[in-house]
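Source file input_18.pdb; content: PDB, C-alpha atoms.
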```
ATOM      1  CA  MET A   1     103.445 137.875 100.140
ATOM      2  CA  LYS A   2     100.991 134.985 100.249
ATOM      3  CA  ARG A   3     100.954 133.669 103.833
ATOM      4  CA  ILE A   4     101.566 136.300 106.507
ATOM      5  CA  MET A   5     102.154 135.984 110.257
ATOM      6  CA  VAL A   6     101.746 139.122 112.389
ATOM      7  CA  THR A   7     103.020 139.562 115.945
ATOM      8  CA  GLY A   8     101.485 142.179 118.234
ATOM      9  CA  ALA A   9      98.275 141.870 116.241
ATOM     10  CA  LEU A  10      96.097 143.447 118.934
ATOM     11  CA  GLY A  11      98.246 146.568 119.228
ATOM     12  CA  GLN A  12      97.887 150.080 117.827
ATOM     13  CA  ILE A  13      98.986 149.235 114.290
ATOM     14  CA  GLY A  14      98.544 145.473 114.326
ATOM     15  CA  SER A  15      94.813 145.508 115.030
ATOM     16  CA  GLU A  16      94.104 147.483 111.855
ATOM     17  CA  LEU A  17      96.889 145.920 109.817
ATOM     18  CA  ILE A  18      95.318 142.490 110.309
ATOM     19  CA  ASP A  19      92.025 143.649 108.797
ATOM     20  CA  LYS A  20      93.778 145.308 105.866
ATOM     21  CA  LEU A  21      95.917 142.247 105.136
ATOM     22  CA  ARG A  22      92.943 139.867 105.352
ATOM     23  CA  GLU A  23      90.953 142.090 103.024
ATOM     24  CA  THR A  24      93.859 142.115 100.560
ATOM     25  CA  TYR A  25      95.260 138.567 100.794
ATOM     26  CA  GLY A  26      92.338 136.544 102.216
ATOM     27  CA  ALA A  27      91.467 135.956 105.871
ATOM     28  CA  GLU A  28      92.768 132.389 105.813
ATOM     29  CA  ASN A  29      96.210 133.591 104.702
ATOM     30  CA  VAL A  30      96.897 135.914 107.656
ATOM     31  CA  LEU A  31      97.806 134.531 111.092
ATOM     32  CA  ALA A  32      97.313 137.047 113.893
ATOM     33  CA  THR A  33      99.289 136.499 117.110
ATOM     34  CA  ASP A  34      99.432 138.395 120.391
ATOM     35  CA  ILE A  35     100.256 137.750 124.036
ATOM     36  CA  ARG A  36      96.585 138.393 124.851
ATOM     37  CA  GLU A  37      93.764 136.023 123.994
ATOM     38  CA  CYS A  38      91.174 137.226 121.478
ATOM     39  CA  THR A  39      87.880 135.564 120.576
ATOM     40  CA  THR A  40      86.658 138.079 117.986
ATOM     41  CA  GLN A  41      89.170 137.435 115.204
ATOM     42  CA  LYS A  42      87.828 136.859 111.693
ATOM     43  CA  GLY A  43      90.700 134.584 110.773
ATOM     44  CA  PRO A  44      93.451 132.420 112.278
ATOM     45  CA  PHE A  45      94.682 133.574 115.707
ATOM     46  CA  GLU A  46      97.220 132.154 118.172
ATOM     47  CA  VAL A  47      98.467 133.356 121.543
ATOM     48  CA  LEU A  48     102.193 134.161 121.331
ATOM     49  CA  ASP A  49     104.682 135.744 123.707
ATOM     50  CA  VAL A  50     107.352 137.107 121.337
ATOM     51  CA  MET A  51     109.997 136.259 123.947
ATOM     52  CA  ASP A  52     109.252 132.572 123.256
ATOM     53  CA  ALA A  53     111.435 131.945 120.208
ATOM     54  CA  ASN A  54     110.508 128.271 119.865
ATOM     55  CA  ARG A  55     106.784 128.969 119.897
ATOM     56  CA  MET A  56     107.217 131.729 117.320
ATOM     57  CA  ARG A  57     109.168 129.475 114.979
ATOM     58  CA  GLU A  58     106.719 126.589 115.410
ATOM     59  CA  LEU A  59     103.687 128.764 114.616
ATOM     60  CA  ALA A  60     105.341 130.221 111.517
ATOM     61  CA  LYS A  61     106.347 126.763 110.326
ATOM     62  CA  GLU A  62     102.921 125.207 110.957
ATOM     63  CA  PHE A  63     101.174 128.094 109.168
ATOM     64  CA  LYS A  64     103.619 127.839 106.246
ATOM     65  CA  ALA A  65     104.116 131.607 106.446
ATOM     66  CA  ASP A  66     106.326 133.250 103.832
ATOM     67  CA  THR A  67     106.255 136.644 105.571
ATOM     68  CA  ILE A  68     106.485 137.807 109.185
ATOM     69  CA  MET A  69     105.404 141.287 110.241
ATOM     70  CA  HIS A  70     106.779 141.994 113.694
ATOM     71  CA  MET A  71     104.622 144.685 115.331
ATOM     72  CA  ALA A  72     104.981 143.781 119.032
ATOM     73  CA  ALA A  73     106.681 146.535 121.068
ATOM     74  CA  LEU A  74     106.310 148.927 123.991
ATOM     75  CA  LEU A  75     105.601 152.493 122.826
ATOM     76  CA  SER A  76     107.610 155.600 123.684
ATOM     77  CA  ALA A  77     106.142 156.894 126.949
ATOM     78  CA  THR A  78     105.632 153.378 128.339
ATOM     79  CA  ALA A  79     109.181 152.420 127.352
ATOM     80  CA  GLU A  80     110.577 155.472 129.154
ATOM     81  CA  ALA A  81     108.697 154.512 132.318
ATOM     82  CA  LYS A  82     109.951 150.905 132.112
ATOM     83  CA  PRO A  83     113.274 151.080 130.225
ATOM     84  CA  LEU A  84     114.645 147.655 131.148
ATOM     85  CA  LEU A  85     111.400 145.922 130.207
ATOM     86  CA  ALA A  86     111.374 147.905 126.957
ATOM     87  CA  TRP A  87     114.913 146.822 126.060
ATOM     88  CA  ASN A  88     114.237 143.163 126.836
ATOM     89  CA  LEU A  89     110.885 143.031 125.027
ATOM     90  CA  ASN A  90     111.588 145.299 122.073
ATOM     91  CA  MET A  91     115.028 143.892 121.281
ATOM     92  CA  GLY A  92     114.467 140.304 122.423
ATOM     93  CA  GLY A  93     111.258 139.986 120.460
ATOM     94  CA  LEU A  94     112.885 141.506 117.376
ATOM     95  CA  VAL A  95     115.811 139.082 117.489
ATOM     96  CA  ASN A  96     113.422 136.144 117.805
ATOM     97  CA  ALA A  97     111.380 137.373 114.821
ATOM     98  CA  LEU A  98     114.497 137.923 112.699
ATOM     99  CA  GLU A  99     115.794 134.472 113.587
ATOM    100  CA  THR A 100     112.444 132.967 112.621
ATOM    101  CA  ALA A 101     112.634 134.764 109.276
ATOM    102  CA  ARG A 102     116.222 133.607 108.742
ATOM    103  CA  GLU A 103     115.588 129.969 109.616
ATOM    104  CA  LEU A 104     112.406 129.709 107.530
ATOM    105  CA  ASN A 105     113.502 131.967 104.653
ATOM    106  CA  MET A 106     110.692 134.484 105.221
ATOM    107  CA  GLN A 107     110.236 138.066 104.099
ATOM    108  CA  PHE A 108     110.370 140.402 107.098
ATOM    109  CA  PHE A 109     108.827 143.734 108.139
ATOM    110  CA  THR A 110     109.094 145.733 111.342
ATOM    111  CA  PRO A 111     108.344 149.424 111.871
ATOM    112  CA  SER A 112     110.840 151.960 113.125
ATOM    113  CA  SER A 113     109.835 155.457 114.209
ATOM    114  CA  ILE A 114     110.743 159.130 114.216
ATOM    115  CA  GLY A 115     111.773 158.243 117.772
ATOM    116  CA  ALA A 116     114.971 156.882 116.210
ATOM    117  CA  PHE A 117     116.092 160.492 115.800
ATOM    118  CA  GLY A 118     117.350 162.691 118.627
ATOM    119  CA  PRO A 119     117.920 166.331 119.620
ATOM    120  CA  SER A 120     121.112 166.538 117.523
ATOM    121  CA  THR A 121     119.286 165.399 114.368
ATOM    122  CA  PRO A 122     118.316 168.216 111.957
ATOM    123  CA  LYS A 123     114.757 169.125 112.991
ATOM    124  CA  GLU A 124     113.497 170.547 109.701
ATOM    125  CA  ASN A 125     113.041 168.265 106.692
ATOM    126  CA  THR A 126     115.072 165.564 108.445
ATOM    127  CA  PRO A 127     117.040 163.579 105.820
ATOM    128  CA  GLN A 128     116.731 159.843 105.237
ATOM    129  CA  ASP A 129     120.381 159.364 106.190
ATOM    130  CA  THR A 130     121.416 161.575 109.098
ATOM    131  CA  LEU A 131     122.762 161.646 112.638
ATOM    132  CA  GLN A 132     120.736 159.420 114.998
ATOM    133  CA  ARG A 133     121.480 159.907 118.702
ATOM    134  CA  PRO A 134     118.131 159.440 120.501
ATOM    135  CA  THR A 135     117.847 160.220 124.207
ATOM    136  CA  THR A 136     115.011 157.783 125.011
ATOM    137  CA  MET A 137     115.018 154.021 125.501
ATOM    138  CA  TYR A 138     112.376 153.716 122.770
ATOM    139  CA  GLY A 139     114.627 155.607 120.382
ATOM    140  CA  VAL A 140     117.648 153.510 121.315
ATOM    141  CA  ASN A 141     115.578 150.381 120.626
ATOM    142  CA  LYS A 142     114.536 151.702 117.230
ATOM    143  CA  VAL A 143     118.051 152.651 116.107
ATOM    144  CA  ALA A 144     119.373 149.287 117.258
ATOM    145  CA  GLY A 145     116.486 147.596 115.457
ATOM    146  CA  GLU A 146     117.197 149.422 112.200
ATOM    147  CA  LEU A 147     120.847 148.363 112.337
ATOM    148  CA  LEU A 148     119.942 144.798 113.272
ATOM    149  CA  CYS A 149     117.572 144.480 110.307
ATOM    150  CA  ASP A 150     120.292 145.815 108.011
ATOM    151  CA  TYR A 151     122.695 143.269 109.513
ATOM    152  CA  TYR A 152     120.335 140.353 108.889
ATOM    153  CA  TYR A 153     119.937 141.461 105.275
ATOM    154  CA  HIS A 154     123.642 141.858 104.575
ATOM    155  CA  LYS A 155     124.858 138.907 106.707
ATOM    156  CA  PHE A 156     122.142 136.325 106.107
ATOM    157  CA  GLY A 157     120.215 137.576 103.072
ATOM    158  CA  VAL A 158     116.937 138.005 104.979
ATOM    159  CA  ASP A 159     114.562 140.201 102.946
ATOM    160  CA  THR A 160     114.095 142.796 105.692
ATOM    161  CA  ARG A 161     112.055 145.950 105.101
ATOM    162  CA  GLY A 162     110.786 148.757 107.302
ATOM    163  CA  VAL A 163     109.635 152.362 107.608
ATOM    164  CA  ARG A 164     110.095 155.105 110.184
ATOM    165  CA  PHE A 165     106.522 155.920 111.128
ATOM    166  CA  PRO A 166     105.555 159.350 112.434
ATOM    167  CA  GLY A 167     102.663 159.657 114.883
ATOM    168  CA  LEU A 168      99.762 157.517 113.662
ATOM    169  CA  ILE A 169      96.179 158.707 113.989
ATOM    170  CA  SER A 170      93.222 156.326 114.001
ATOM    171  CA  TYR A 171      89.554 156.185 115.001
ATOM    172  CA  VAL A 172      89.715 152.397 115.491
ATOM    173  CA  THR A 173      92.239 151.968 118.282
ATOM    174  CA  PRO A 174      92.169 154.318 121.312
ATOM    175  CA  PRO A 175      95.328 156.203 122.340
ATOM    176  CA  GLY A 176      97.755 154.495 124.691
ATOM    177  CA  GLY A 177     101.391 154.944 125.629
ATOM    178  CA  GLY A 178     102.668 157.122 122.791
ATOM    179  CA  THR A 179     103.988 160.675 122.788
ATOM    180  CA  THR A 180     102.039 161.538 119.622
ATOM    181  CA  ASP A 181      98.826 160.102 121.082
ATOM    182  CA  TYR A 182      97.533 163.584 121.881
ATOM    183  CA  ALA A 183      96.702 163.837 118.174
ATOM    184  CA  VAL A 184      94.380 160.849 118.556
ATOM    185  CA  ASP A 185      92.900 161.737 121.939
ATOM    186  CA  ILE A 186      92.040 165.265 120.804
ATOM    187  CA  TYR A 187      89.500 163.873 118.316
ATOM    188  CA  TYR A 188      87.878 161.618 120.910
ATOM    189  CA  LYS A 189      87.545 164.520 123.339
ATOM    190  CA  ALA A 190      86.302 166.851 120.609
ATOM    191  CA  VAL A 191      83.425 164.511 119.817
ATOM    192  CA  GLU A 192      82.697 163.479 123.422
ATOM    193  CA  GLU A 193      83.278 166.710 125.364
ATOM    194  CA  GLY A 194      83.907 169.526 122.899
ATOM    195  CA  LYS A 195      87.226 170.405 124.538
ATOM    196  CA  TYR A 196      90.696 168.963 125.076
ATOM    197  CA  THR A 197      93.652 169.570 127.394
ATOM    198  CA  SER A 198      96.905 168.876 125.544
ATOM    199  CA  PHE A 199      99.876 167.316 127.324
ATOM    200  CA  ILE A 200     102.054 168.602 124.449
ATOM    201  CA  ALA A 201     102.987 172.303 124.509
ATOM    202  CA  GLU A 202     101.754 174.926 122.074
ATOM    203  CA  GLY A 203     104.076 175.292 119.087
ATOM    204  CA  THR A 204     105.427 171.725 119.260
ATOM    205  CA  TYR A 205     105.478 170.359 115.719
ATOM    206  CA  MET A 206     105.569 166.610 115.036
ATOM    207  CA  ASP A 207     105.103 164.546 111.910
ATOM    208  CA  MET A 208     101.842 162.614 111.648
ATOM    209  CA  MET A 209     100.051 160.191 109.343
ATOM    210  CA  TYR A 210      96.507 158.849 109.108
ATOM    211  CA  MET A 211      96.360 155.114 109.675
ATOM    212  CA  PRO A 212      94.958 154.151 106.229
ATOM    213  CA  ASP A 213      98.034 155.742 104.639
ATOM    214  CA  ALA A 214     100.315 153.903 107.063
ATOM    215  CA  LEU A 215      98.758 150.519 106.307
ATOM    216  CA  GLN A 216      98.975 151.067 102.563
ATOM    217  CA  ALA A 217     102.624 152.092 102.935
ATOM    218  CA  ILE A 218     103.428 148.749 104.585
ATOM    219  CA  ILE A 219     101.842 146.773 101.764
ATOM    220  CA  ASP A 220     103.383 148.932  99.044
ATOM    221  CA  LEU A 221     106.859 148.522 100.526
ATOM    222  CA  MET A 222     106.499 144.773 100.994
ATOM    223  CA  GLU A 223     105.302 144.346  97.401
ATOM    224  CA  ALA A 224     108.030 146.569  95.940
ATOM    225  CA  GLU A 225     110.613 145.120  93.563
ATOM    226  CA  PRO A 226     113.654 144.237  95.729
ATOM    227  CA  SER A 227     116.152 145.530  93.179
ATOM    228  CA  LYS A 228     114.730 149.055  93.518
ATOM    229  CA  LEU A 229     115.296 149.250  97.270
ATOM    230  CA  ILE A 230     118.495 151.083  98.069
ATOM    231  CA  HIS A 231     117.774 151.671 101.751
ATOM    232  CA  ARG A 232     115.498 148.680 102.343
ATOM    233  CA  ASN A 233     114.948 149.395 106.077
ATOM    234  CA  ALA A 234     113.835 152.484 107.992
ATOM    235  CA  PHE A 235     112.406 154.570 105.149
ATOM    236  CA  ASN A 236     111.204 158.001 106.255
ATOM    237  CA  VAL A 237     107.447 158.316 105.609
ATOM    238  CA  THR A 238     105.181 161.213 106.499
ATOM    239  CA  ALA A 239     101.931 162.888 105.503
ATOM    240  CA  MET A 240     101.768 166.115 107.530
ATOM    241  CA  SER A 241     103.405 168.089 110.327
ATOM    242  CA  PHE A 242     101.403 170.208 112.761
ATOM    243  CA  GLU A 243     101.288 171.567 116.300
ATOM    244  CA  PRO A 244      98.312 171.307 118.693
ATOM    245  CA  ALA A 245      96.769 174.656 117.734
ATOM    246  CA  GLU A 246      96.693 173.680 114.058
ATOM    247  CA  ILE A 247      94.839 170.436 114.679
ATOM    248  CA  ALA A 248      92.438 172.384 116.922
ATOM    249  CA  ALA A 249      91.847 174.881 114.096
ATOM    250  CA  SER A 250      91.060 172.005 111.741
ATOM    251  CA  ILE A 251      88.574 170.581 114.247
ATOM    252  CA  LYS A 252      86.915 174.005 114.674
ATOM    253  CA  LYS A 253      86.018 174.007 110.978
ATOM    254  CA  ILE A 254      83.581 171.207 111.862
ATOM    255  CA  ILE A 255      82.981 171.830 115.594
ATOM    256  CA  PRO A 256      83.203 175.648 115.944
ATOM    257  CA  THR A 257      82.804 175.593 119.745
ATOM    258  CA  PHE A 258      85.784 173.286 120.324
ATOM    259  CA  GLU A 259      88.195 174.473 123.033
ATOM    260  CA  LEU A 260      91.912 173.638 123.391
ATOM    261  CA  ASN A 261      93.817 174.033 126.653
ATOM    262  CA  TYR A 262      97.289 172.967 127.784
ATOM    263  CA  GLU A 263      98.656 171.024 130.752
ATOM    264  CA  VAL A 264     102.105 169.931 129.645
ATOM    265  CA  ASP A 265     103.491 166.543 130.691
ATOM    266  CA  PRO A 266     107.255 167.107 131.164
ATOM    267  CA  VAL A 267     108.175 163.522 130.267
ATOM    268  CA  ARG A 268     106.269 163.356 126.996
ATOM    269  CA  GLN A 269     107.173 166.951 126.150
ATOM    270  CA  SER A 270     110.880 166.166 126.514
ATOM    271  CA  ILE A 271     110.436 163.208 124.185
ATOM    272  CA  ALA A 272     108.588 165.350 121.635
ATOM    273  CA  ASP A 273     111.265 168.050 121.825
ATOM    274  CA  SER A 274     113.919 165.477 120.896
ATOM    275  CA  TRP A 275     112.122 164.506 117.676
ATOM    276  CA  PRO A 276     112.080 166.232 114.256
ATOM    277  CA  ASP A 277     109.503 168.869 113.353
ATOM    278  CA  SER A 278     109.260 167.492 109.809
ATOM    279  CA  ILE A 279     110.984 164.749 107.823
ATOM    280  CA  ASP A 280     111.978 164.156 104.209
ATOM    281  CA  ALA A 281     110.326 161.117 102.575
ATOM    282  CA  THR A 282     112.042 161.466  99.183
ATOM    283  CA  ALA A 283     113.770 158.067  99.370
ATOM    284  CA  ALA A 284     110.463 156.238  99.964
ATOM    285  CA  LYS A 285     108.833 158.124  97.105
ATOM    286  CA  GLU A 286     111.655 157.383  94.676
ATOM    287  CA  GLU A 287     112.407 153.769  95.631
ATOM    288  CA  TRP A 288     108.896 152.326  96.019
ATOM    289  CA  GLY A 289     106.395 155.028  95.140
ATOM    290  CA  PHE A 290     105.236 156.095  98.594
ATOM    291  CA  LYS A 291     102.447 158.675  98.547
ATOM    292  CA  ALA A 292     100.090 159.730 101.347
ATOM    293  CA  GLN A 293      96.471 160.394 100.395
ATOM    294  CA  TYR A 294      95.291 162.343 103.456
ATOM    295  CA  ASP A 295      96.167 165.860 104.636
ATOM    296  CA  LEU A 296      95.139 167.399 107.981
ATOM    297  CA  ASP A 297      91.687 168.622 106.963
ATOM    298  CA  SER A 298      90.662 165.477 105.081
ATOM    299  CA  MET A 299      91.843 163.356 108.019
ATOM    300  CA  THR A 300      89.987 165.558 110.518
ATOM    301  CA  LYS A 301      86.755 165.311 108.542
ATOM    302  CA  GLU A 302      86.884 161.514 108.449
ATOM    303  CA  MET A 303      88.031 161.145 112.068
ATOM    304  CA  ILE A 304      85.128 163.213 113.376
ATOM    305  CA  GLU A 305      82.596 161.457 111.141
ATOM    306  CA  LYS A 306      83.795 157.970 112.133
ATOM    307  CA  LEU A 307      84.116 158.750 115.846
ATOM    308  CA  THR A 308      80.711 160.421 115.964
ATOM    309  CA  ASP A 309      79.117 157.298 114.516
ATOM    310  CA  ARG A 310      81.175 154.974 116.703
ATOM    311  CA  LEU A 311      80.724 156.771 120.016
ATOM    312  CA  LYS A 312      76.961 157.041 119.550
ATOM    313  CA  LYS A 313      76.642 153.241 119.583
TER     314      LYS A 313
END
```
Let me see the structure of the file written as structure tokens.
Amino acid sequence: MKRIMVTGALGQIGSELIDKLRETYGAENVLATDIRECTTQKGPFEVLDVMDANRMRELAKEFKADTIMHMAALLSATAEAKPLLAWNLNMGGLVNALETARELNMQFFTPSSIGAFGPSTPKENTPQDTLQRPTTMYGVNKVAGELLCDYYYHKFGVDTRGVRFPGLISYVTPPGGGTTDYAVDIYYKAVEEGKYTSFIAEGTYMDMMYMPDALQAIIDLMEAEPSKLIHRNAFNVTAMSFEPAEIAASIKKIIPTFELNYEVDPVRQSIADSWPDSIDATAAKEEWGFKAQYDLDSMTKEMIEKLTDRLKK
């Protein structure tokens, strides 16, 4: 990768990915795009609706991009509330990005998710290759996206790559629209109020990862030797699996008075119940050396430190 174009650059992952890529490859070599205007970018930025295929292709061509990272999408809970919009945006935008990569001979990345699994998928140590029958529109989008990326690789030779992200936890971007977002919001509330009411039920395990590990995983996969990639798209990656009481216990090691309560949201709980409790990342480890650096306690320590500093300002 030398010249990288990112869609959805103001989103949950994109906003931090942009900074990481610019730090690694040079600010002038990373074009951030989003449907929203932004005047605080520290590098090239263009407004782009990913449904506008011509505009996407023109921007990539003008920037002389050799890589496109397609991050624009509606997240799980939002997609379930607006399923038709989710299908049109998530799949239409993906097709446009893949076509741009095909026409301009670009390397391609887009993230999948544990949402691509469903209630009939093995819940413990979920294999890389297994039954995928999701019961949410978000999950349907992700499975279709995985297959579409495989198709573009086998049919057209597009160098497509991707991972299945678990819940991502970050102190930079606030929670919004995701089922796993309780694991972000709980840190904000711990620092601000000393208590949190979880919309996910006690005992509900989900895979999670700290954002720095997620960003490094993207770069490591994109820089991996192509001949070593057997799966190429939708690699399982994970760092930890926990339920709300376990993250609360980790927080209490630093904030002993922290309180956790529950008020379960049936919609998001049903989504969480359809996902794995833990997943197997062996393929990612063997094919491109994936390794997470953070566990629950080390992530908690840094989250509370960073949020305390940030929220005081």
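The space between atom CA of A:Ala9 and atom CA of A:Thr33 spans 5.5 Å.
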Identify all residues satisfying the PyMOL selection byres ((chain A and resi 134) around 12) in the given file; provide them as a PDB file with C-alpha atoms, in the coordinates of the input.
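out-v3.pdb was written with the following content:
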```
ATOM      1  CA  SER A  76     107.610 155.600 123.684  1.00  0.00           C
ATOM      2  CA  SER A 113     109.835 155.457 114.209  1.00  0.00           C
ATOM      3  CA  ILE A 114     110.743 159.130 114.216  1.00  0.00           C
ATOM      4  CA  GLY A 115     111.773 158.243 117.772  1.00  0.00           C
ATOM      5  CA  ALA A 116     114.971 156.882 116.210  1.00  0.00           C
ATOM      6  CA  PHE A 117     116.092 160.492 115.800  1.00  0.00           C
ATOM      7  CA  GLY A 118     117.350 162.691 118.627  1.00  0.00           C
ATOM      8  CA  PRO A 119     117.920 166.331 119.620  1.00  0.00           C
ATOM      9  CA  SER A 120     121.112 166.538 117.523  1.00  0.00           C
ATOM     10  CA  THR A 121     119.286 165.399 114.368  1.00  0.00           C
ATOM     11  CA  LEU A 131     122.762 161.646 112.638  1.00  0.00           C
ATOM     12  CA  GLN A 132     120.736 159.420 114.998  1.00  0.00           C
ATOM     13  CA  ARG A 133     121.480 159.907 118.702  1.00  0.00           C
ATOM     14  CA  THR A 135     117.847 160.220 124.207  1.00  0.00           C
ATOM     15  CA  THR A 136     115.011 157.783 125.011  1.00  0.00           C
ATOM     16  CA  MET A 137     115.018 154.021 125.501  1.00  0.00           C
ATOM     17  CA  TYR A 138     112.376 153.716 122.770  1.00  0.00           C
ATOM     18  CA  GLY A 139     114.627 155.607 120.382  1.00  0.00           C
ATOM     19  CA  VAL A 140     117.648 153.510 121.315  1.00  0.00           C
ATOM     20  CA  ASN A 141     115.578 150.381 120.626  1.00  0.00           C
ATOM     21  CA  LYS A 142     114.536 151.702 117.230  1.00  0.00           C
ATOM     22  CA  VAL A 143     118.051 152.651 116.107  1.00  0.00           C
ATOM     23  CA  ALA A 144     119.373 149.287 117.258  1.00  0.00           C
ATOM     24  CA  SER A 270     110.880 166.166 126.514  1.00  0.00           C
ATOM     25  CA  ILE A 271     110.436 163.208 124.185  1.00  0.00           C
ATOM     26  CA  ALA A 272     108.588 165.350 121.635  1.00  0.00           C
ATOM     27  CA  ASP A 273     111.265 168.050 121.825  1.00  0.00           C
ATOM     28  CA  SER A 274     113.919 165.477 120.896  1.00  0.00           C
ATOM     29  CA  TRP A 275     112.122 164.506 117.676  1.00  0.00           C
ATOM     30  CA  PRO A 276     112.080 166.232 114.256  1.00  0.00           C
TER      31      PRO A 276
END
```
For the structure shown, which residues end up in the PyMOL selection byres ((chain A and resi 45-60) around 7)? Put them as a list in words, please? Met5, Leu31, Ala32, Thr33, Asp34, Ile35, Arg36, Glu37, Gln41, Gly43, Pro44, Lys61, Glu62, Phe63, Lys64, Ala65, Leu89, Gly92, Gly93, Asn96 and Thr100 of chain A
If you measure from atom CA of A:Gly167 to atom CA of A:Ile254, what distance in Å do you get, rounded to one decimal? 22.5 Å
How far is it from atom CA of A:Ala81 to atom CA of A:Ile218, in Å with one decimal? 28.8 Å
Compute the distance from (83.7, 162.3, 114.2) to each atom, counting all atoms listed in the file, keep the residues with any atom at most 10 Å away, and return them as a VMD selection string; use the coordinates of the file. chain A and resid 171 187 to 188 190 to 192 251 254 to 255 300 to 311
May I have the residues within 10 Å of A:Gly26 as a count of residues only, using all atoms listed in the file and disregarding those fewer than 6 positions away in the same chain? 5
Using only C-alpha atoms: which of A:Thr126, A:Gln107, A:Thr180, A:Thr257 has the shortest distance to A:Val6: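 The shortest atom-to-atom distance to A:Val6 comes from A:Gln107.
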Counting all atoms listed in the file, give me one row per residue of stretch 136-182 of chain A with an atom at most 12 Å from an atom of stretch 262-267 of chain A, showing the shortest contact pair and its distance in Å to one decimal, sorted by chain then residue number, as a tab-separated table.
```
residue	atom	partner	partner_atom	distance
A:Thr136	CA	A:Val267	CA	10.4
A:Gly177	CA	A:Val267	CA	11.9
A:Gly178	CA	A:Val267	CA	11.3
A:Thr179	CA	A:Val267	CA	9.0
A:Tyr182	CA	A:Val264	CA	11.0
```
Rank nothing, just name the residue among A:Trp288, A:Phe156, A:Tyr210, A:Tyr205 nearest to A:Leu168, using all atoms listed in the file.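 Closest to A:Leu168, using all atoms listed in the file: A:Tyr210.
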Applying the PyMOL selection byres ((chain A and resi 110) around 7) to the file I just gave you, which residues come out? Please list them as a ChimeraX atom specification. /A:69-71,108-109,111-112,161-162
Counting all atoms listed in the file, which residues come within 10 Å of (104.7, 151.2, 124.4), with the point read in the file's coordinates, and could you list them as a PyMOL selection string? chain A and resi 11-12+72-82+86+90+138+176-179
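For A:Val158, the residues within 9 Å (counting only C-alpha atoms, excluding itself and residues fewer than 5 positions away along the chain) are Leu98, Ala101, Arg102, Asn105, Met106, Gln107, Phe108, Cys149, Tyr152 and Tyr153 of chain A.
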Smallest atom-to-atom distance to A:Gln293: which of A:Met222, A:Ala281, A:Ala214, A:Ala234, using all atoms listed in the file? A:Ala214
Pick from A:Ile18, A:Leu260, A:Met299, A:Ala283 nearest to A:Val237, counting only C-alpha atoms: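 The shortest atom-to-atom distance to A:Val237 comes from A:Ala283.
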Given all atoms listed in the file as the basis, pick out the residue of A:Met91, A:Ala249, A:Ile169, A:Ile219 nearest to A:Asp207.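 Distance minimum relative to A:Asp207 lands on A:Ile169.
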Considering only C-alpha atoms, state which residue in the set A:Phe165, A:Tyr25, A:Phe258, A:Phe290 is at the smallest distance from A:Ala224.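 Of A:Phe165, A:Tyr25, A:Phe258, A:Phe290, the one nearest A:Ala224, counting only C-alpha atoms, is A:Phe290.
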